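Printed here is entry-v5.cif (mmCIF, C-alpha atoms):
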data_my_file
#
loop_
_atom_site.label_atom_id
_atom_site.label_comp_id
_atom_site.auth_asym_id
_atom_site.auth_seq_id
_atom_site.Cartn_x
_atom_site.Cartn_y
_atom_site.Cartn_z
CA MET A 1401 -118.94 6.85 92.12
CA LYS A 1402 -118.27 5.38 88.67
CA GLN A 1403 -118.60 1.86 90.03
CA LEU A 1404 -122.27 2.50 90.86
CA GLY A 1405 -123.09 4.36 87.65
CA ILE A 1406 -123.55 7.79 89.26
CA LEU A 1407 -123.05 10.94 87.19
CA TYR A 1408 -122.33 14.40 88.64
CA ASP A 1409 -123.20 17.86 87.34
CA LEU A 1410 -121.90 20.23 90.02
CA ASP A 1411 -120.68 23.34 88.17
CA VAL A 1412 -122.61 26.60 88.22
CA ARG A 1413 -123.90 27.73 84.82
CA PRO A 1414 -126.66 30.01 83.48
CA GLY A 1415 -130.09 28.43 83.16
CA LYS A 1416 -129.31 25.50 85.43
CA ALA A 1417 -131.84 24.46 88.10
CA PRO A 1418 -130.98 26.38 91.29
CA ILE A 1419 -131.70 23.49 93.67
CA ALA A 1420 -129.72 20.30 94.25
CA TYR A 1421 -131.50 17.13 93.17
CA THR A 1422 -130.89 13.52 92.15
CA ASP A 1423 -132.80 11.47 89.60
CA PHE A 1424 -132.62 8.38 87.43
CA VAL A 1425 -131.00 8.70 84.00
CA THR A 1426 -131.90 5.10 83.18
CA ARG A 1427 -133.64 2.61 85.45
CA GLY A 1428 -132.16 -0.79 86.09
CA ARG A 1429 -133.73 -3.86 84.50
CA MET A 1430 -133.09 -7.50 83.74
CA ILE A 1431 -131.90 -8.18 80.18
CA ASP A 1432 -131.35 -11.78 79.07
CA GLY A 1433 -130.99 -12.87 82.66
CA VAL A 1434 -128.39 -10.21 83.51
CA TRP A 1435 -129.15 -7.16 85.66
CA ARG A 1436 -128.36 -3.86 83.94
CA ARG A 1437 -127.84 -1.35 86.74
CA SER A 1438 -129.53 2.02 87.05
CA VAL A 1439 -127.65 5.17 86.14
CA MET A 1440 -128.21 8.02 88.63
CA ARG A 1441 -127.42 11.72 88.18
CA VAL A 1442 -126.69 14.31 90.88
CA SER A 1443 -127.21 17.95 89.92
CA ALA A 1444 -126.09 20.81 92.19
CA ASN A 1445 -124.34 24.19 92.09
CA TYR A 1446 -121.09 24.56 94.01
CA ALA A 1447 -118.96 27.64 93.49
CA GLY A 1448 -117.34 27.25 96.93
CA GLY A 1449 -116.97 24.93 99.88
CA GLY A 1450 -118.25 24.77 103.43
CA MET A 1451 -119.97 22.27 105.70
CA GLY A 1452 -123.39 23.16 104.34
CA ALA A 1453 -122.33 22.35 100.79
CA LEU A 1454 -120.70 19.09 101.91
CA ASN A 1455 -123.82 18.11 103.82
CA GLU A 1456 -126.01 18.78 100.78
CA LEU A 1457 -123.73 16.86 98.41
CA VAL A 1458 -123.55 13.82 100.69
CA HIS A 1459 -127.37 13.98 101.06
CA GLU A 1460 -127.73 13.85 97.27
CA ASN A 1461 -125.24 10.98 97.17
CA GLY A 1462 -127.54 9.20 99.63
CA HIS A 1463 -130.35 9.48 97.07
CA ALA A 1464 -128.01 8.27 94.35
CA ILE A 1465 -126.87 5.14 96.16
CA HIS A 1466 -130.48 4.45 97.16
CA GLY A 1467 -131.59 4.46 93.53
CA ALA A 1468 -128.56 2.44 92.43
CA ALA A 1469 -129.31 -0.26 95.00
CA ILE A 1470 -132.83 -1.05 93.77
CA ARG A 1471 -133.20 -4.36 91.95
CA THR A 1472 -136.81 -5.10 91.17
CA ARG A 1473 -139.22 -5.29 88.24
CA PRO A 1474 -140.26 -2.08 86.43
CA ALA A 1475 -143.57 -1.64 88.29
CA PHE A 1476 -141.70 -1.12 91.58
CA MET A 1477 -138.57 0.57 90.24
CA ASP A 1478 -138.59 3.72 92.37
CA MET A 1479 -137.29 4.80 95.78
CA GLY A 1480 -140.64 4.92 97.58
CA ASP A 1481 -142.34 7.15 100.11
CA ALA A 1482 -140.90 10.68 100.20
CA LEU A 1483 -140.46 10.71 103.99
CA PHE A 1484 -138.36 7.55 103.83
CA VAL A 1485 -136.41 8.74 100.77
CA GLU A 1486 -135.36 12.01 102.43
CA ALA A 1487 -134.70 10.39 105.80
CA PHE A 1488 -132.44 7.74 104.27
CA ALA A 1489 -130.41 10.35 102.36
CA ASP A 1490 -129.74 12.00 105.72
CA VAL A 1491 -128.45 8.72 107.14
CA THR A 1492 -125.34 9.45 105.10
CA SER A 1493 -125.35 13.26 105.25
CA TRP A 1494 -125.58 13.40 109.06
CA SER A 1495 -122.16 11.74 109.10
CA VAL A 1496 -120.65 15.00 107.85
CA TYR A 1497 -121.24 16.37 111.37
CA GLU A 1498 -119.57 13.43 113.09
CA PRO A 1499 -115.99 14.04 114.32
CA ALA A 1500 -114.93 10.64 112.92
CA TRP A 1501 -116.08 11.65 109.41
CA GLN A 1502 -114.39 15.04 109.67
CA ARG A 1503 -111.09 13.52 110.77
CA ARG A 1504 -111.21 10.95 107.96
CA TYR A 1505 -112.12 13.27 105.10
CA LEU A 1506 -111.10 16.75 106.29
CA GLY A 1507 -108.09 15.97 108.46
CA ARG A 1508 -109.48 17.61 111.61
CA ASP A 1509 -112.71 17.84 113.59
CA ASP A 1510 -114.73 20.54 115.35
CA GLY A 1511 -115.35 18.50 118.50
CA GLU A 1512 -118.53 16.61 119.32
CA ALA A 1513 -120.62 19.37 120.89
CA ALA A 1514 -119.94 21.94 118.13
CA SER A 1515 -120.44 19.36 115.40
CA ILE A 1516 -123.79 18.16 116.74
CA ARG A 1517 -124.91 21.76 117.21
CA GLY A 1518 -124.06 22.32 113.54
CA LEU A 1519 -126.12 19.29 112.56
CA PHE A 1520 -129.18 20.35 114.52
CA SER A 1521 -129.01 23.93 113.29
CA ASN A 1522 -129.92 22.39 109.91
CA VAL A 1523 -132.51 20.05 111.41
CA VAL A 1524 -134.41 22.77 113.27
CA MET A 1525 -134.48 24.93 110.15
CA ASP A 1526 -136.15 22.06 108.28
CA VAL A 1527 -138.63 21.74 111.15
CA ALA A 1528 -139.31 25.48 110.89
CA TRP A 1529 -139.97 25.22 107.15
CA ALA A 1530 -142.28 22.26 107.76
CA LEU A 1531 -144.25 24.27 110.33
CA PHE A 1532 -144.31 27.22 107.91
CA GLU A 1533 -145.89 25.06 105.21
CA ILE A 1534 -148.44 23.61 107.61
CA ARG A 1535 -149.50 27.09 108.69
CA MET A 1536 -149.61 28.48 105.17
CA LEU A 1537 -151.64 25.53 103.87
CA GLY A 1538 -154.07 26.07 106.74
CA THR A 1539 -154.36 29.83 106.13
CA PRO A 1540 -153.36 30.43 102.48
CA GLY A 1541 -154.34 34.11 102.70
CA ALA A 1542 -151.75 34.85 105.37
CA ASP A 1543 -148.68 36.98 104.65
CA PRO A 1544 -145.85 34.40 104.28
CA ASN A 1545 -143.19 36.86 105.43
CA ARG A 1546 -145.05 37.45 108.70
CA VAL A 1547 -145.76 33.74 109.23
CA TRP A 1548 -142.09 32.90 108.70
CA THR A 1549 -140.92 35.76 110.92
CA GLU A 1550 -143.22 34.64 113.73
CA ILE A 1551 -141.84 31.09 113.61
CA THR A 1552 -138.17 31.99 113.35
CA SER A 1553 -138.23 34.78 115.93
CA ARG A 1554 -140.29 32.83 118.48
CA TYR A 1555 -138.66 29.42 118.25
CA LEU A 1556 -135.18 30.16 116.86
CA HIS A 1557 -134.64 33.67 118.34
CA ILE A 1558 -133.73 35.10 114.93
CA VAL A 1559 -134.07 38.88 114.66
CA PRO A 1560 -137.42 39.60 112.91
CA HIS A 1561 -137.24 40.82 109.32
CA PRO A 1562 -140.80 40.67 107.96
CA GLU A 1563 -139.72 42.85 105.04
CA TRP A 1564 -137.57 39.98 103.66
CA SER A 1565 -138.87 36.84 101.95
CA TRP A 1566 -135.96 34.67 103.06
CA TRP A 1567 -138.30 31.71 103.64
CA ALA A 1568 -138.30 31.35 99.83
CA VAL A 1569 -134.71 30.06 99.57
CA ARG A 1570 -136.11 26.49 99.53
CA GLY A 1571 -137.15 25.63 95.99
CA GLN A 1572 -139.44 22.86 97.23
CA LEU A 1573 -141.81 25.54 98.55
CA VAL A 1574 -142.48 26.53 94.93
CA ASP A 1575 -142.61 23.28 92.99
CA SER A 1576 -143.69 20.76 95.66
CA PRO A 1577 -146.11 22.30 98.18
CA GLY A 1578 -146.20 20.30 101.40
CA TYR A 1579 -142.88 18.55 100.72
CA MET A 1580 -140.92 20.27 103.48
CA VAL A 1581 -142.81 18.21 106.07
CA ASN A 1582 -140.79 15.21 104.87
CA TYR A 1583 -137.60 16.93 106.05
CA GLY A 1584 -139.10 18.14 109.33
CA LEU A 1585 -140.45 14.73 110.35
CA GLY A 1586 -137.63 12.85 108.66
CA ALA A 1587 -135.15 13.65 111.44
CA VAL A 1588 -136.94 11.19 113.75
CA LEU A 1589 -136.57 8.38 111.19
CA THR A 1590 -132.99 9.33 110.25
CA ALA A 1591 -131.81 9.16 113.87
CA ASP A 1592 -133.61 5.84 114.39
CA LEU A 1593 -132.09 4.32 111.24
CA ARG A 1594 -128.58 5.52 112.09
CA GLU A 1595 -128.74 4.14 115.62
CA HIS A 1596 -130.11 0.79 114.46
CA ILE A 1597 -127.44 0.47 111.75
CA ARG A 1598 -124.65 1.17 114.27
CA GLU A 1599 -126.07 -1.38 116.71
CA SER A 1600 -126.70 -4.07 114.08
CA PHE A 1601 -123.79 -3.56 111.69
CA GLY A 1602 -121.22 -1.35 113.38
CA PRO A 1603 -119.67 2.12 112.94
CA PHE A 1604 -119.91 3.55 109.43
CA ASP A 1605 -119.36 7.32 109.69
CA ALA A 1606 -115.68 7.12 108.76
CA GLY A 1607 -116.22 4.49 106.05
CA ASN A 1608 -116.95 0.76 106.16
CA ALA A 1609 -116.51 -1.34 103.04
CA GLY A 1610 -119.39 -3.68 103.85
CA TRP A 1611 -121.98 -1.02 104.67
CA TYR A 1612 -123.44 -0.50 101.22
CA GLU A 1613 -124.01 -4.18 100.50
CA TRP A 1614 -125.52 -4.70 103.96
CA ILE A 1615 -127.95 -1.76 103.77
CA SER A 1616 -128.87 -2.46 100.16
CA GLU A 1617 -129.90 -6.03 100.87
CA ARG A 1618 -131.90 -5.22 104.01
CA LEU A 1619 -133.49 -1.87 103.21
CA LEU A 1620 -133.08 -0.55 99.67
CA ARG A 1621 -133.19 -3.20 96.96
CA LYS A 1622 -136.96 -3.82 96.98
CA GLY A 1623 -137.87 -0.35 95.73
CA GLU A 1624 -141.63 0.01 96.03
CA GLU A 1625 -142.40 -3.71 96.35
CA GLN A 1626 -143.27 -3.32 100.02
CA ASP A 1627 -145.28 -0.75 101.94
CA THR A 1628 -142.80 1.69 103.52
CA ALA A 1629 -144.20 1.36 107.06
CA GLU A 1630 -143.95 -2.43 106.82
CA LEU A 1631 -140.43 -2.26 105.37
CA LEU A 1632 -139.23 -0.04 108.22
CA ARG A 1633 -140.85 -2.18 110.92
CA GLU A 1634 -139.17 -5.22 109.40
CA PHE A 1635 -135.78 -3.48 109.27
CA LEU A 1636 -135.93 -1.96 112.75
CA GLY A 1637 -137.75 -4.88 114.37
CA ARG A 1638 -140.16 -2.40 115.99
CA PRO A 1639 -142.12 0.79 115.23
CA ILE A 1640 -140.24 4.04 114.65
CA GLY A 1641 -139.71 6.07 117.83
CA PRO A 1642 -138.19 9.40 118.95
CA GLY A 1643 -135.70 7.90 121.42
CA ALA A 1644 -132.72 7.88 119.04
CA LEU A 1645 -133.29 11.52 118.10
CA LEU A 1646 -133.44 12.59 121.73
CA ARG A 1647 -130.24 10.67 122.49
CA GLN A 1648 -128.54 12.35 119.55
CA ILE A 1649 -129.59 15.80 120.78
CA GLY A 1650 -128.28 14.86 124.22
CA ARG A 1651 -124.78 14.55 122.80
CA ILE A 1652 -124.60 18.34 122.63
CA LYS A 1653 -124.59 18.49 126.42
CA GLY A 1654 -122.37 15.44 126.79
CA GLY A 1655 -119.75 16.78 124.42
CA GLU A 1656 -119.30 20.11 126.18
#

Starting from the file, give its structure as structure tokens.
Amino acid sequence: MKQLGILYDLDVRPGKAPIAYTDFVTRGRMIDGVWRRSVMRVSANYAGGGMGALNELVHENGHAIHGAAIRTRPAFMDMGDALFVEAFADVTSWSVYEPAWQRRYLGRDDGEAASIRGLFSNVVMDVAWALFEIRMLGTPGADPNRVWTEITSRYLHIVPHPEWSWWAVRGQLVDSPGYMVNYGLGAVLTADLREHIRESFGPFDAGNAGWYEWISERLLRKGEEQDTAELLREFLGRPIGPGALLRQIGRIKGGE
């Protein structure tokens, strides 16, 4: 991603932050009438491969291209509301679970039903973590292991293990209390954005040279100039709704 000024730090090393994240190195600005682009940095730890690692890396790339697309004055030079920021990064990362993306970049695909099941296994885990945070914030004296076990065993049919603190694998639970709700709710917005982009611009999962310029101009370049709710209504031409998410889930049945 040299063309967009994106740097990558993906090797595992002692003392490195254990979570994947993306941030500005330098923020873009106008100098003598010429725009000097932002430099973005992606940090992650990849000792091996797998669909989960690919999904995470493409998600972080979504943040990186979002930041690189912003062209505004310093007061508004940021990506905006956290729900929108995380949902947009998943517009790109959900493509990893599309057969067209897999054929293009991996040389084979898992079939539609299996791929969409893989996608929503991640989505429902984010929803579970969001519910976990809501319950813990409401009853901070509760045992987190028992709260997590109740959620995962009841809704996801995972064998109960209240003796393990496996809810804690998400670093956001430690440094950003309440942040997981952005991932849980973000799936509704991600599905809506992806469907609208396909209908308005065309297919993009397997690559489309005009996609980045199109999405940057219509959705990303203003940074925080505009209220997020207003920006999304303007882009979608309507309020956000759950229909696209339900149609996406329905593909599991249709692909069997």

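Closest approach to Met1440 in chain A among A:Leu1407, A:Leu1585, A:Met1479, A:Ala1453: A:Leu1407, based on all atoms listed in the file.
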
Item to check | For range 1621-1626 of chain A: contacts at 8 Å, only C-alpha atoms, fewer than 5 positions along chain excluded, given as a ChimeraX atom specification | outcome: /A:1469-1472,1476-1480,1616,1631

Item to check | Contacts of range 1557-1572 of chain A within 10 Å, only C-alpha atoms, excl. fewer than 6 positions in-chain, as a ChimeraX atom specification | outcome: /A:1417-1420,1526,1528-1529,1532,1543-1551,1578-1580

Item to check | Residue list as a VMD selection string for point (-134.9, 10.7, 86.8), cut-off 12 Å, only C-alpha atoms | outcome: chain A and resid 1406 to 1407 1421 to 1428 1438 to 1443 1463 to 1464 1467 to 1468 1477 to 1479

Item to check | Within 7 Å of Glu1486 in chain A using all atoms listed in the file, minus same-chain residues under 5 positions, as a list in words | outcome: Asn1582, Tyr1583 and Gly1586 of chain A

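Residues in contact with Trp1611 in chain A at 10 Å, where all atoms listed in the file are counted and same-chain residues fewer than 4 positions away are skipped, are listed as Ile1597, Phe1601, Gly1602, Pro1603, Phe1604, Gly1607, Ile1615 and Ser1616 of chain A.
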
Keeping only C-alpha atoms, write those residues as a JSON list (two decimals), in the frame of the given file.
[["chain", "number", "residue", "atom", "x", "y", "z"],
["A", 1597, "ILE", "CA", -127.44, 0.47, 111.75],
["A", 1601, "PHE", "CA", -123.79, -3.56, 111.69],
["A", 1602, "GLY", "CA", -121.22, -1.35, 113.38],
["A", 1603, "PRO", "CA", -119.67, 2.12, 112.94],
["A", 1604, "PHE", "CA", -119.91, 3.55, 109.43],
["A", 1607, "GLY", "CA", -116.22, 4.49, 106.05],
["A", 1615, "ILE", "CA", -127.95, -1.76, 103.77],
["A", 1616, "SER", "CA", -128.87, -2.46, 100.16]]

Next on the checklist: Between A:Ala1644, A:Ile1465, A:Ala1629, A:Leu1573, which residue has the minimum interatomic distance to Arg1437 in chain A, considering all atoms listed in the file?
Outcome noted: A:Ile1465

Item to check | Nearby residues (only C-alpha atoms) at most 12 Å from Gly1643 in chain A, same-chain spacing under 2 positions excluded, as number ranges by chain | outcome: A: 1587-1596, 1639-1641, 1645-1650

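The two atoms in question, CA of Glu1498 in chain A and CA of Ser1515 in chain A, are spaced 6.4 Å apart.
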
Checklist outcome for this item: Students should find that CA of Arg1651 in chain A and CA of Ser1521 in chain A are spaced 14.0 Å

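Close to (-115.1, 21.0, 117.2), meaning no more than 12 Å away when counting all atoms listed in the file, sit the residues A:Tyr1497, A:Glu1498, A:Pro1499, A:Ala1500, A:Gln1502, A:Arg1503, A:Arg1508, A:Asp1509, A:Asp1510, A:Gly1511, A:Glu1512, A:Ala1513, A:Ala1514, A:Ser1515, A:Ile1516, A:Arg1517, A:Gly1518, A:Ile1652, A:Gly1655, A:Glu1656.
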
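Shortest atom-to-atom contact with Tyr1555 in chain A among A:Gly1433, A:Ala1482, A:Arg1473, A:Leu1531: A:Leu1531, counting all atoms listed in the file.
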
Save range 1619-1641 of chain A of the structure in the block above to a file, with C-alpha atoms included, as a PDB file, in the first residue's frame.
ATOM      1  CA  LEU A1619     -18.120   8.767   2.330  1.00  0.00           C
ATOM      2  CA  LEU A1620     -14.603   9.196   3.708  1.00  0.00           C
ATOM      3  CA  ARG A1621     -12.888  12.415   2.700  1.00  0.00           C
ATOM      4  CA  LYS A1622     -14.776  14.787   5.026  1.00  0.00           C
ATOM      5  CA  GLY A1623     -13.391  13.277   8.224  1.00  0.00           C
ATOM      6  CA  GLU A1624     -15.319  14.794  11.113  1.00  0.00           C
ATOM      7  CA  GLU A1625     -16.733  17.762   9.187  1.00  0.00           C
ATOM      8  CA  GLN A1626     -20.213  16.258   9.221  1.00  0.00           C
ATOM      9  CA  ASP A1627     -22.259  14.524  11.903  1.00  0.00           C
ATOM     10  CA  THR A1628     -21.949  10.764  11.322  1.00  0.00           C
ATOM     11  CA  ALA A1629     -25.714  10.112  11.299  1.00  0.00           C
ATOM     12  CA  GLU A1630     -26.199  12.868   8.715  1.00  0.00           C
ATOM     13  CA  LEU A1631     -23.277  11.603   6.615  1.00  0.00           C
ATOM     14  CA  LEU A1632     -24.704   8.077   6.523  1.00  0.00           C
ATOM     15  CA  ARG A1633     -28.233   9.248   5.681  1.00  0.00           C
ATOM     16  CA  GLU A1634     -26.788  11.298   2.844  1.00  0.00           C
ATOM     17  CA  PHE A1635     -24.739   8.362   1.545  1.00  0.00           C
ATOM     18  CA  LEU A1636     -27.482   5.744   1.834  1.00  0.00           C
ATOM     19  CA  GLY A1637     -30.338   8.079   0.886  1.00  0.00           C
ATOM     20  CA  ARG A1638     -32.326   6.757   3.868  1.00  0.00           C
ATOM     21  CA  PRO A1639     -31.905   5.770   7.531  1.00  0.00           C
ATOM     22  CA  ILE A1640     -29.845   2.692   8.409  1.00  0.00           C
ATOM     23  CA  GLY A1641     -31.909  -0.500   8.602  1.00  0.00           C
TER      24      GLY A1641
END
